[in-house]
file upload-v9.cif (mmCIF, C-alpha atoms)
data_my_file
#
loop_
_atom_site.label_atom_id
_atom_site.label_comp_id
_atom_site.auth_asym_id
_atom_site.auth_seq_id
_atom_site.Cartn_x
_atom_site.Cartn_y
_atom_site.Cartn_z
CA MET A 4 138.35 102.90 -49.84
CA ASN A 5 134.83 101.76 -50.37
CA GLN A 6 134.80 100.04 -47.03
CA SER A 7 136.04 103.12 -45.20
CA ARG A 8 133.32 105.17 -46.90
CA ARG A 9 130.75 102.71 -45.66
CA LYS A 10 132.15 102.94 -42.15
CA GLU A 11 132.01 106.72 -42.26
CA ALA A 12 128.41 106.59 -43.37
CA THR A 13 127.60 104.23 -40.50
CA VAL A 14 129.26 106.55 -37.98
CA ARG A 15 127.44 109.56 -39.40
CA ARG A 16 124.15 107.73 -39.05
CA LEU A 17 125.02 106.70 -35.49
CA LEU A 18 125.81 110.26 -34.51
CA GLU A 19 122.73 111.68 -36.18
CA GLU A 20 120.39 109.04 -34.85
CA ALA A 21 120.99 109.74 -31.20
CA SER A 22 118.12 112.02 -30.22
CA PRO A 23 119.38 115.54 -29.53
CA PRO A 24 119.22 116.76 -25.94
CA PRO A 25 116.55 119.34 -25.13
CA VAL A 26 117.82 122.93 -25.10
CA PRO A 27 117.18 124.51 -21.70
CA GLN A 28 115.24 127.78 -21.67
CA GLU A 29 117.82 129.73 -19.71
CA LEU A 30 120.68 128.97 -22.10
CA TYR A 31 119.90 131.91 -24.38
CA ALA A 32 119.47 134.40 -21.55
CA GLU A 33 122.66 133.25 -19.86
CA ALA A 34 124.65 133.50 -23.10
CA VAL A 35 123.33 137.03 -23.72
CA ARG A 36 124.10 138.05 -20.15
CA ARG A 37 127.67 136.80 -20.29
CA GLY A 38 128.21 138.03 -23.83
CA GLY A 39 126.94 141.46 -22.84
CA ARG A 40 129.26 141.51 -19.85
CA LEU A 41 132.16 140.63 -22.16
CA LEU A 42 131.17 143.46 -24.50
CA ARG A 43 130.89 145.99 -21.69
CA ARG A 44 134.22 144.94 -20.26
CA ARG A 45 135.86 145.36 -23.64
CA ALA A 46 134.26 148.78 -24.11
CA ALA A 47 135.48 149.87 -20.67
CA LEU A 48 138.97 148.64 -21.43
CA ARG A 49 138.97 150.52 -24.72
CA ARG A 50 137.82 153.67 -22.97
CA VAL A 51 140.59 153.39 -20.39
CA MET A 52 143.18 152.93 -23.14
CA TRP A 53 141.95 156.03 -24.96
CA LEU A 54 142.01 158.05 -21.74
CA LEU A 55 145.57 156.93 -21.04
CA LEU A 56 146.61 157.86 -24.55
CA LEU A 57 144.96 161.28 -24.21
CA ALA A 58 146.61 161.89 -20.84
CA ALA A 59 150.00 160.95 -22.25
CA ALA A 60 149.52 163.30 -25.21
CA VAL A 61 148.51 166.18 -22.92
CA ALA A 62 151.45 165.53 -20.62
CA PHE A 63 153.83 165.55 -23.57
CA VAL A 64 152.47 168.82 -24.94
CA VAL A 65 152.74 170.50 -21.55
CA TRP A 66 156.26 169.27 -21.02
CA ALA A 67 157.34 170.27 -24.53
CA SER A 68 155.90 173.76 -24.24
CA THR A 69 157.72 174.40 -20.96
CA ALA A 70 161.03 172.68 -21.68
CA ARG A 71 161.21 173.73 -25.37
CA PRO A 72 163.69 171.02 -26.31
CA TRP A 73 163.93 172.32 -29.88
CA VAL A 74 165.50 175.63 -28.86
CA GLU A 75 169.28 175.61 -29.12
CA PRO A 76 170.69 175.96 -25.58
CA PRO A 77 172.75 179.10 -24.95
CA SER A 78 176.43 178.52 -25.43
CA GLU A 79 178.33 177.91 -22.20
CA THR A 80 181.81 178.55 -23.59
CA THR A 81 183.02 181.85 -25.01
CA PRO A 82 184.82 181.59 -28.30
CA PRO A 83 188.62 182.18 -28.07
CA LEU A 84 189.66 185.78 -28.54
CA THR A 85 191.77 186.08 -31.68
CA GLY A 86 192.87 188.90 -34.04
CA TRP A 87 194.11 191.36 -31.52
CA MET B 65 125.04 158.31 -30.04
CA ARG B 66 123.25 156.66 -27.18
CA ARG B 67 120.19 156.00 -29.32
CA ARG B 68 122.32 154.42 -32.03
CA GLN B 69 123.93 152.21 -29.42
CA ALA B 70 120.54 151.14 -28.12
CA SER B 71 119.23 150.29 -31.58
CA GLN B 72 122.37 148.33 -32.30
CA ASP B 73 121.91 146.40 -29.07
CA ALA B 74 118.32 145.62 -29.96
CA ARG B 75 119.25 144.48 -33.46
CA ARG B 76 122.04 142.28 -32.15
CA ALA B 77 119.77 140.73 -29.54
CA ARG B 78 117.11 140.02 -32.17
CA GLU B 79 119.51 138.45 -34.65
CA PHE B 80 121.25 136.49 -31.95
CA GLU B 81 117.97 135.10 -30.64
CA THR B 82 117.05 133.86 -34.11
CA PHE B 83 120.48 132.30 -34.44
CA VAL B 84 120.29 130.55 -31.08
CA ALA B 85 116.80 129.28 -31.77
CA GLY B 86 118.08 127.66 -34.95
CA ALA B 87 121.52 126.46 -33.94
CA ALA B 88 121.46 125.69 -30.21
CA GLY B 89 119.92 122.24 -30.59
CA ARG B 90 122.58 120.97 -32.95
CA LEU B 91 125.43 122.64 -31.07
CA LEU B 92 124.22 121.26 -27.76
CA HIS B 93 124.08 117.81 -29.27
CA ALA B 94 127.65 118.18 -30.48
CA ALA B 95 128.75 119.47 -27.06
CA THR B 96 127.04 116.57 -25.30
CA LEU B 97 128.80 114.13 -27.63
CA LEU B 98 132.10 115.81 -26.76
CA THR B 99 131.65 115.72 -23.01
CA ALA B 100 130.19 112.19 -23.19
CA GLU B 101 127.31 113.01 -20.92
CA ALA B 102 123.83 111.60 -20.80
CA ARG B 103 121.20 113.25 -22.96
CA ASP B 104 119.20 114.59 -20.02
CA ASP B 105 122.05 115.29 -17.64
CA ASN B 106 124.61 117.40 -19.43
CA PRO B 107 125.66 120.35 -17.25
CA ARG B 108 129.15 120.42 -18.74
CA ALA B 109 127.96 120.47 -22.30
CA ARG B 110 125.57 123.31 -21.40
CA ALA B 111 128.31 125.32 -19.73
CA LEU B 112 130.60 124.76 -22.72
CA LEU B 113 127.91 125.85 -25.14
CA THR B 114 126.91 128.87 -23.03
CA ALA B 115 130.50 130.11 -22.98
CA SER B 116 130.85 129.63 -26.74
CA LEU B 117 127.56 131.39 -27.44
CA ALA B 118 128.50 134.26 -25.12
CA HIS B 119 131.66 134.75 -27.15
CA THR B 120 129.67 134.61 -30.38
CA TYR B 121 127.31 137.25 -29.00
CA ALA B 122 130.20 139.50 -28.02
CA THR B 123 131.72 139.33 -31.49
CA TRP B 124 128.39 139.55 -33.31
CA ASP B 125 128.94 143.08 -34.63
CA ARG B 126 132.30 142.11 -36.08
CA LEU B 127 131.18 139.04 -38.00
CA ARG B 128 131.32 140.85 -41.36
CA GLY B 129 129.35 138.31 -43.30
CA GLU B 130 130.99 135.30 -41.67
CA ASP B 131 128.72 132.46 -40.64
CA PRO B 132 127.97 132.77 -36.91
CA TYR B 133 127.45 129.02 -36.74
CA ASP B 134 131.05 128.48 -37.86
CA ARG B 135 132.21 130.91 -35.22
CA ALA B 136 130.25 129.23 -32.45
CA ARG B 137 131.41 125.77 -33.51
CA GLN B 138 135.00 126.96 -33.65
CA GLN B 139 134.71 128.39 -30.15
CA LEU B 140 133.18 125.16 -28.92
CA ALA B 141 136.05 123.12 -30.35
CA ILE B 142 138.74 125.49 -29.08
CA ARG B 143 137.29 125.68 -25.59
CA TYR B 144 136.95 121.92 -25.42
CA ALA B 145 140.48 121.37 -26.74
CA ARG B 146 141.99 123.92 -24.39
CA GLY B 147 141.57 121.62 -21.45
CA ALA B 148 139.33 121.97 -18.44
CA TRP B 149 136.78 119.76 -20.17
CA HIS B 150 139.18 116.86 -20.38
CA ARG B 151 139.59 116.23 -16.72
CA TYR B 152 136.05 115.12 -16.31
CA ARG B 153 135.51 111.83 -18.04
CA GLY B 154 131.98 111.23 -19.13
CA HIS B 155 130.55 107.84 -18.36
CA SER B 156 127.68 107.70 -20.71
CA GLY B 157 126.83 108.78 -24.17
CA LEU B 158 127.83 107.36 -27.50
CA LEU B 159 131.51 108.33 -27.41
CA GLU B 160 132.36 107.41 -23.83
CA ARG B 161 135.07 104.96 -24.91
CA LEU B 162 136.95 107.51 -26.97
CA ALA B 163 139.72 109.78 -25.76
CA PRO B 164 138.90 113.53 -25.75
CA GLN B 165 140.94 114.27 -28.86
CA GLU B 166 139.35 111.37 -30.74
CA ARG B 167 135.91 112.61 -29.74
CA LEU B 168 136.66 116.12 -30.86
CA ILE B 169 137.96 115.08 -34.26
CA LEU B 170 135.20 112.55 -34.79
CA VAL B 171 132.49 115.07 -33.95
CA LEU B 172 134.03 117.80 -36.11
CA ARG B 173 134.61 115.51 -39.09
CA MET B 174 131.63 113.17 -38.98
CA TYR B 175 128.87 115.03 -37.15
CA GLU B 176 129.62 118.59 -38.22
CA GLY B 177 131.12 117.67 -41.58
CA VAL B 178 134.13 119.97 -41.26
CA ALA B 179 136.76 119.30 -43.92
CA GLU B 180 139.96 117.52 -42.93
CA GLU B 181 142.11 120.55 -43.75
CA GLN B 182 139.95 122.89 -41.68
CA THR B 183 139.92 120.52 -38.73
CA ALA B 184 143.70 120.26 -38.92
CA ALA B 185 144.10 124.02 -39.10
CA LEU B 186 141.70 124.56 -36.22
CA LEU B 187 143.52 122.14 -33.93
CA GLY B 188 147.04 122.88 -35.14
CA LEU B 189 147.68 119.30 -36.26
CA PRO B 190 148.99 117.93 -39.53
CA VAL B 191 146.30 116.66 -41.89
CA GLU B 192 147.69 113.12 -41.84
CA ARG B 193 147.35 113.01 -38.10
CA VAL B 194 143.76 114.18 -38.20
CA ARG B 195 143.04 111.45 -40.76
CA ALA B 196 144.71 108.79 -38.62
CA ILE B 197 142.94 109.85 -35.41
CA CYS B 198 139.62 109.97 -37.20
CA ALA B 199 140.12 106.47 -38.61
CA ARG B 200 141.09 105.17 -35.18
CA ALA B 201 138.06 106.81 -33.59
CA ILE B 202 135.78 105.28 -36.21
CA SER B 203 137.13 101.79 -35.71
CA LEU B 204 136.94 102.19 -31.92
CA LEU B 205 133.35 103.28 -32.21
CA LEU B 206 132.30 100.51 -34.58
CA HIS B 207 134.35 97.71 -33.02
CA PRO B 208 134.63 98.47 -29.30
CA PRO B 209 137.33 96.44 -27.58
CA ARG B 210 136.09 93.80 -25.17
CA GLY B 211 136.16 94.29 -21.45
CA PRO B 212 136.28 97.56 -19.52
CA ALA B 213 137.80 100.41 -21.47
CA PRO B 214 141.40 100.64 -20.24
CA LYS B 215 142.40 103.90 -21.87
CA ALA B 216 143.09 107.45 -20.81
CA THR B 217 143.87 106.47 -17.24
CA GLY B 218 147.43 105.84 -18.36
CA PRO B 219 149.46 104.49 -21.24
CA ASP B 220 147.87 101.43 -22.72
CA PRO B 221 150.56 98.74 -23.00
CA ALA B 222 148.71 96.66 -25.57
CA ALA B 223 148.29 99.54 -27.96
CA GLN B 224 151.86 100.70 -27.49
CA ARG B 225 153.40 97.50 -28.61
CA GLY B 226 150.80 96.89 -31.31
CA PRO B 227 151.53 99.01 -34.37
CA ALA B 228 155.27 99.39 -33.84
CA ALA B 229 156.07 97.76 -37.17
CA GLN B 230 153.60 99.98 -39.00
CA PRO B 231 155.26 102.69 -41.11
CA ARG B 232 154.26 106.20 -40.17
CA THR B 233 151.85 107.77 -42.62
CA GLY B 234 153.41 111.19 -42.66
CA PRO B 235 155.77 113.66 -41.03
CA GLU B 236 155.20 114.03 -37.33
CA ALA B 237 156.23 117.66 -37.40
CA GLY B 238 153.24 119.00 -35.53
CA ALA B 239 152.82 116.06 -33.23
CA ASP B 240 154.08 118.04 -30.26
CA ALA B 241 151.43 120.67 -30.73
CA GLY B 242 148.84 117.92 -30.79
CA ALA B 243 150.29 116.15 -27.81
CA ALA B 244 149.54 119.18 -25.68
CA MET B 245 145.84 118.49 -25.98
CA ASN B 246 146.11 114.77 -26.00
CA GLY B 247 144.70 114.53 -22.50
CA GLY B 248 147.08 111.92 -21.14
CA SER B 249 146.44 109.45 -23.91
CA THR B 250 149.88 108.38 -25.03
CA ARG B 251 148.95 105.64 -27.40
CA THR B 252 150.74 105.38 -30.67
CA GLU B 253 148.71 105.58 -33.82
CA ALA B 254 146.77 102.49 -34.68
CA ALA B 255 146.59 101.83 -38.37
CA PRO B 256 143.09 102.18 -39.82
CA SER B 257 141.75 98.72 -40.42
#

call {"tool": "encode", "arguments": {"input": "upload-v9.cif", "output": "structure tokens"}}
result
Amino acid sequence: MNQSRRKEATVRRLLEEASPPPVPQELYAEAVRRGGRLLRRRAALRRVMWLLLLAAAVAFVVWASTARPWVEPPSETTPPLTGW
Amino acid sequence: MRRRQASQDARRAREFETFVAGAAGRLLHAATLLTAEARDDNPRARALLTASLAHTYATWDRLRGEDPYDRARQQLAIRYARGAWHRYRGHSGLLERLAPQERLILVLRMYEGVAEEQTAALLGLPVERVRAICARAISLLLHPPRGPAPKATGPDPAAQRGPAAQPRTGPEAGADAGAAMNGGSTRTEAAPS
């Protein structure tokens, strides 16, 4: 156990000791550009989904108000004549 | 509405710039260790980091108190593990001898100090397997095998017949999930020395 701890410490030191690479100037700007594009694309997608939902709702209302599916259809058969 | 949007954009950009100024150095170092590239010539590590940071920027407004550094690091690990970055084998850097999965786990555990359980959850591996891979990576790093590194170009016959008698340390239930990102390295687990 103790030995493995020592090994871990050695590896940690190895990894930390290597001098970190310089961060290029354009990295931030590029990340913001691509992140912004991602955001805009998501917003556009959301907008399209809402529009579709709205269109579907409108279509349903129009159809329902013309077809009136809740009204009982007029009877097509006459009841049998009895009691004469 | 539009003004609120603009002020939100400005605030996000400001906060994100501060974050990048503080975190990019460390994250780029981690990415360069992962891709095993030279310190001054690391286009892949930069691309990997840029993609991760772009995702962090896009989800900035939905962080809800979560640490953005954790998010960015998670993205980095996921993007690296997902492939694409495996096919290129780095030929310099500290971890050039290690397989991609070993590099990833070593960097997460030892350089970033992520807990074993979190690493396992992030990669979809059992904890025992993460522990075993980490131990193997450590011993590979500290005691590099002699001669040219033979691994990751195909199954390594020496390693396959080596630890056959060694009892498995735990259930191999999630081994298949891990094998998907194993990057062609089909070695069996070496016991930690």

call {"tool": "closest_atom_pairs", "arguments": {"input": "upload-v9.cif", "of": "stretch 78-177 of chain B", "to": "stretch 28-44 of chain A", "cutoff": "9 Å", "atoms": "all atoms listed in the file", "output": "tab-separated table"}}
result
residue	atom	partner	partner_atom	distance
B:Phe80	CA	A:Val35	CA	8.5
B:Glu81	CA	A:Tyr31	CA	7.3
B:Val84	CA	A:Tyr31	CA	6.8
B:Ala85	CA	A:Tyr31	CA	8.4
B:Ala88	CA	A:Tyr31	CA	8.7
B:Arg110	CA	A:Leu30	CA	7.5
B:Ala111	CA	A:Leu30	CA	8.8
B:Leu113	CA	A:Leu30	CA	8.4
B:Thr114	CA	A:Ala34	CA	5.2
B:Ala115	CA	A:Ala34	CA	6.8
B:Ser116	CA	A:Ala34	CA	8.2
B:Leu117	CA	A:Ala34	CA	5.6
B:Ala118	CA	A:Gly38	CA	4.0
B:His119	CA	A:Gly38	CA	5.8
B:Thr120	CA	A:Gly38	CA	7.5
B:Tyr121	CA	A:Gly38	CA	5.3
B:Ala122	CA	A:Gly38	CA	4.9
B:Thr123	CA	A:Leu42	CA	8.1

call {"tool": "write_last_selection", "arguments": {"input": "upload-v9.cif", "atoms": "C-alpha atoms", "output": "mmCIF file, in the coordinates of the input"}}
result
data_model
loop_
_atom_site.group_PDB
_atom_site.id
_atom_site.type_symbol
_atom_site.label_atom_id
_atom_site.label_comp_id
_atom_site.auth_asym_id
_atom_site.auth_seq_id
_atom_site.Cartn_x
_atom_site.Cartn_y
_atom_site.Cartn_z
ATOM 1 C CA PHE B 80 121.250 136.490 -31.950
ATOM 2 C CA GLU B 81 117.970 135.100 -30.640
ATOM 3 C CA VAL B 84 120.290 130.550 -31.080
ATOM 4 C CA ALA B 85 116.800 129.280 -31.770
ATOM 5 C CA ALA B 88 121.460 125.690 -30.210
ATOM 6 C CA ARG B 110 125.570 123.310 -21.400
ATOM 7 C CA ALA B 111 128.310 125.320 -19.730
ATOM 8 C CA LEU B 113 127.910 125.850 -25.140
ATOM 9 C CA THR B 114 126.910 128.870 -23.030
ATOM 10 C CA ALA B 115 130.500 130.110 -22.980
ATOM 11 C CA SER B 116 130.850 129.630 -26.740
ATOM 12 C CA LEU B 117 127.560 131.390 -27.440
ATOM 13 C CA ALA B 118 128.500 134.260 -25.120
ATOM 14 C CA HIS B 119 131.660 134.750 -27.150
ATOM 15 C CA THR B 120 129.670 134.610 -30.380
ATOM 16 C CA TYR B 121 127.310 137.250 -29.000
ATOM 17 C CA ALA B 122 130.200 139.500 -28.020
ATOM 18 C CA THR B 123 131.720 139.330 -31.490
#

call {"tool": "atom_distance", "arguments": {"input": "upload-v9.cif", "atom1": "atom CA of B:Ala184", "atom2": "atom CA of B:Leu172"}}
result
10.4 Å

call {"tool": "residues_near_point", "arguments": {"input": "upload-v9.cif", "point": "(135.3, 118.9, -41.2)", "cutoff": "12 Å", "atoms": "all atoms listed in the file", "output": "JSON, numbers by chain"}}
result
{"B": [134, 137, 138, 141, 168, 169, 170, 171, 172, 173, 174, 175, 176, 177, 178, 179, 180, 181, 182, 183, 184, 185, 186, 187, 191, 194, 195, 198]}

call {"tool": "atom_distance", "arguments": {"input": "upload-v9.cif", "atom1": "atom CA of A:Ala21", "atom2": "atom CA of B:Arg193"}}
result
27.4 Å

call {"tool": "atom_distance", "arguments": {"input": "upload-v9.cif", "atom1": "atom CA of A:Glu11", "atom2": "atom CA of B:Gln139"}}
result
25.0 Å

call {"tool": "closest_residue", "arguments": {"input": "upload-v9.cif", "among": "B:Arg68, B:Arg161, B:Arg108, B:His93", "to": "chain A", "atoms": "only C-alpha atoms"}}
result
B:His93

call {"tool": "closest_residue", "arguments": {"input": "upload-v9.cif", "among": "B:Gly157, B:Pro132, B:Gly188, B:Pro208", "to": "chain A", "atoms": "only C-alpha atoms"}}
result
B:Gly157

call {"tool": "axis_aligned_box", "arguments": {"input": "upload-v9.cif", "around": "stretch 15-29 of chain A", "padding_each_side": "3 Å", "output": "JSON"}}
result
{"center_x": 121.3, "center_y": 118.2, "center_z": -29.6, "size_x": 18.2, "size_y": 29.0, "size_z": 25.7}

call {"tool": "resolve_selection", "arguments": {"input": "upload-v9.cif", "expression": "the PyMOL selection byres ((chain B and resi 97) around 8)", "output": "MDAnalysis selection string"}}
result
chainID B and resid 93:96 98:101 157:159 167 171

call {"tool": "decode", "arguments": {"input": "upload-v9.cif", "residues": "stretch 11-41 of chain A", "atoms": "N, CA and C atoms", "output": "mmCIF file, in the first residue's frame"}}
result
data_model
loop_
_atom_site.group_PDB
_atom_site.id
_atom_site.type_symbol
_atom_site.label_atom_id
_atom_site.label_comp_id
_atom_site.auth_asym_id
_atom_site.auth_seq_id
_atom_site.Cartn_x
_atom_site.Cartn_y
_atom_site.Cartn_z
ATOM 1 N N GLU A 11 2.309 6.595 -6.827
ATOM 2 C CA GLU A 11 1.328 7.602 -7.256
ATOM 3 C C GLU A 11 1.893 9.004 -7.101
ATOM 4 N N ALA A 12 2.565 9.219 -5.984
ATOM 5 C CA ALA A 12 3.146 10.551 -5.758
ATOM 6 C C ALA A 12 4.187 10.864 -6.830
ATOM 7 N N THR A 13 4.991 9.851 -7.178
ATOM 8 C CA THR A 13 6.003 10.053 -8.218
ATOM 9 C C THR A 13 5.350 10.416 -9.538
ATOM 10 N N VAL A 14 4.278 9.689 -9.891
ATOM 11 C CA VAL A 14 3.602 9.961 -11.161
ATOM 12 C C VAL A 14 2.997 11.360 -11.142
ATOM 13 N N ARG A 15 2.384 11.720 -10.030
ATOM 14 C CA ARG A 15 1.802 13.067 -9.929
ATOM 15 C C ARG A 15 2.867 14.121 -10.161
ATOM 16 N N ARG A 16 4.039 13.894 -9.547
ATOM 17 C CA ARG A 16 5.105 14.877 -9.693
ATOM 18 C C ARG A 16 5.571 14.933 -11.141
ATOM 19 N N LEU A 17 5.679 13.753 -11.766
ATOM 20 C CA LEU A 17 6.088 13.694 -13.174
ATOM 21 C C LEU A 17 5.144 14.508 -14.048
ATOM 22 N N LEU A 18 3.847 14.285 -13.825
ATOM 23 C CA LEU A 18 2.852 14.951 -14.664
ATOM 24 C C LEU A 18 2.849 16.456 -14.419
ATOM 25 N N GLU A 19 3.040 16.844 -13.164
ATOM 26 C CA GLU A 19 3.004 18.269 -12.852
ATOM 27 C C GLU A 19 4.263 18.978 -13.328
ATOM 28 N N GLU A 20 5.373 18.223 -13.312
ATOM 29 C CA GLU A 20 6.654 18.874 -13.585
ATOM 30 C C GLU A 20 6.789 19.297 -15.031
ATOM 31 N N ALA A 21 6.232 18.497 -15.938
ATOM 32 C CA ALA A 21 6.335 18.843 -17.347
ATOM 33 C C ALA A 21 5.763 20.245 -17.539
ATOM 34 N N SER A 22 6.544 21.123 -18.167
ATOM 35 C CA SER A 22 6.085 22.511 -18.272
ATOM 36 C C SER A 22 4.864 22.570 -19.175
ATOM 37 N N PRO A 23 3.826 23.285 -18.734
ATOM 38 C CA PRO A 23 2.588 23.335 -19.517
ATOM 39 C C PRO A 23 2.788 24.055 -20.840
ATOM 40 N N PRO A 24 2.092 23.584 -21.876
ATOM 41 C CA PRO A 24 2.232 24.224 -23.190
ATOM 42 C C PRO A 24 1.625 25.619 -23.171
ATOM 43 N N PRO A 25 2.155 26.520 -23.976
ATOM 44 C CA PRO A 25 1.592 27.875 -24.015
ATOM 45 C C PRO A 25 0.201 27.859 -24.656
ATOM 46 N N VAL A 26 -0.703 28.657 -24.085
ATOM 47 C CA VAL A 26 -2.065 28.715 -24.624
ATOM 48 C C VAL A 26 -2.100 29.717 -25.769
ATOM 49 N N PRO A 27 -2.487 29.268 -26.967
ATOM 50 C CA PRO A 27 -2.513 30.196 -28.105
ATOM 51 C C PRO A 27 -3.588 31.264 -27.929
ATOM 52 N N GLN A 28 -3.326 32.436 -28.464
ATOM 53 C CA GLN A 28 -4.239 33.574 -28.316
ATOM 54 C C GLN A 28 -5.615 33.283 -28.893
ATOM 55 N N GLU A 29 -5.630 32.600 -30.053
ATOM 56 C CA GLU A 29 -6.899 32.482 -30.771
ATOM 57 C C GLU A 29 -7.821 31.424 -30.175
ATOM 58 N N LEU A 30 -7.335 30.696 -29.166
ATOM 59 C CA LEU A 30 -8.142 29.600 -28.626
ATOM 60 C C LEU A 30 -9.452 30.117 -28.031
ATOM 61 N N TYR A 31 -9.354 31.212 -27.285
ATOM 62 C CA TYR A 31 -10.560 31.765 -26.658
ATOM 63 C C TYR A 31 -11.563 32.229 -27.710
ATOM 64 N N ALA A 32 -11.068 32.990 -28.674
ATOM 65 C CA ALA A 32 -11.967 33.527 -29.701
ATOM 66 C C ALA A 32 -12.637 32.404 -30.491
ATOM 67 N N GLU A 33 -11.858 31.386 -30.807
ATOM 68 C CA GLU A 33 -12.402 30.262 -31.575
ATOM 69 C C GLU A 33 -13.470 29.515 -30.768
ATOM 70 N N ALA A 34 -13.195 29.317 -29.472
ATOM 71 C CA ALA A 34 -14.169 28.630 -28.621
ATOM 72 C C ALA A 34 -15.460 29.439 -28.535
ATOM 73 N N VAL A 35 -15.337 30.766 -28.382
ATOM 74 C CA VAL A 35 -16.530 31.607 -28.296
ATOM 75 C C VAL A 35 -17.302 31.572 -29.613
ATOM 76 N N ARG A 36 -16.560 31.603 -30.723
ATOM 77 C CA ARG A 36 -17.216 31.592 -32.031
ATOM 78 C C ARG A 36 -18.014 30.300 -32.207
ATOM 79 N N ARG A 37 -17.360 29.183 -31.924
ATOM 80 C CA ARG A 37 -18.057 27.908 -32.124
ATOM 81 C C ARG A 37 -19.156 27.692 -31.101
ATOM 82 N N GLY A 38 -18.906 28.121 -29.865
ATOM 83 C CA GLY A 38 -19.940 28.009 -28.841
ATOM 84 C C GLY A 38 -21.157 28.853 -29.191
ATOM 85 N N GLY A 39 -20.888 30.064 -29.702
ATOM 86 C CA GLY A 39 -21.986 30.939 -30.104
ATOM 87 C C GLY A 39 -22.784 30.342 -31.251
ATOM 88 N N ARG A 40 -22.072 29.725 -32.177
ATOM 89 C CA ARG A 40 -22.763 29.087 -33.309
ATOM 90 C C ARG A 40 -23.664 27.964 -32.801
ATOM 91 N N LEU A 41 -23.133 27.189 -31.847
ATOM 92 C CA LEU A 41 -23.905 26.099 -31.242
ATOM 93 C C LEU A 41 -25.170 26.651 -30.581
#
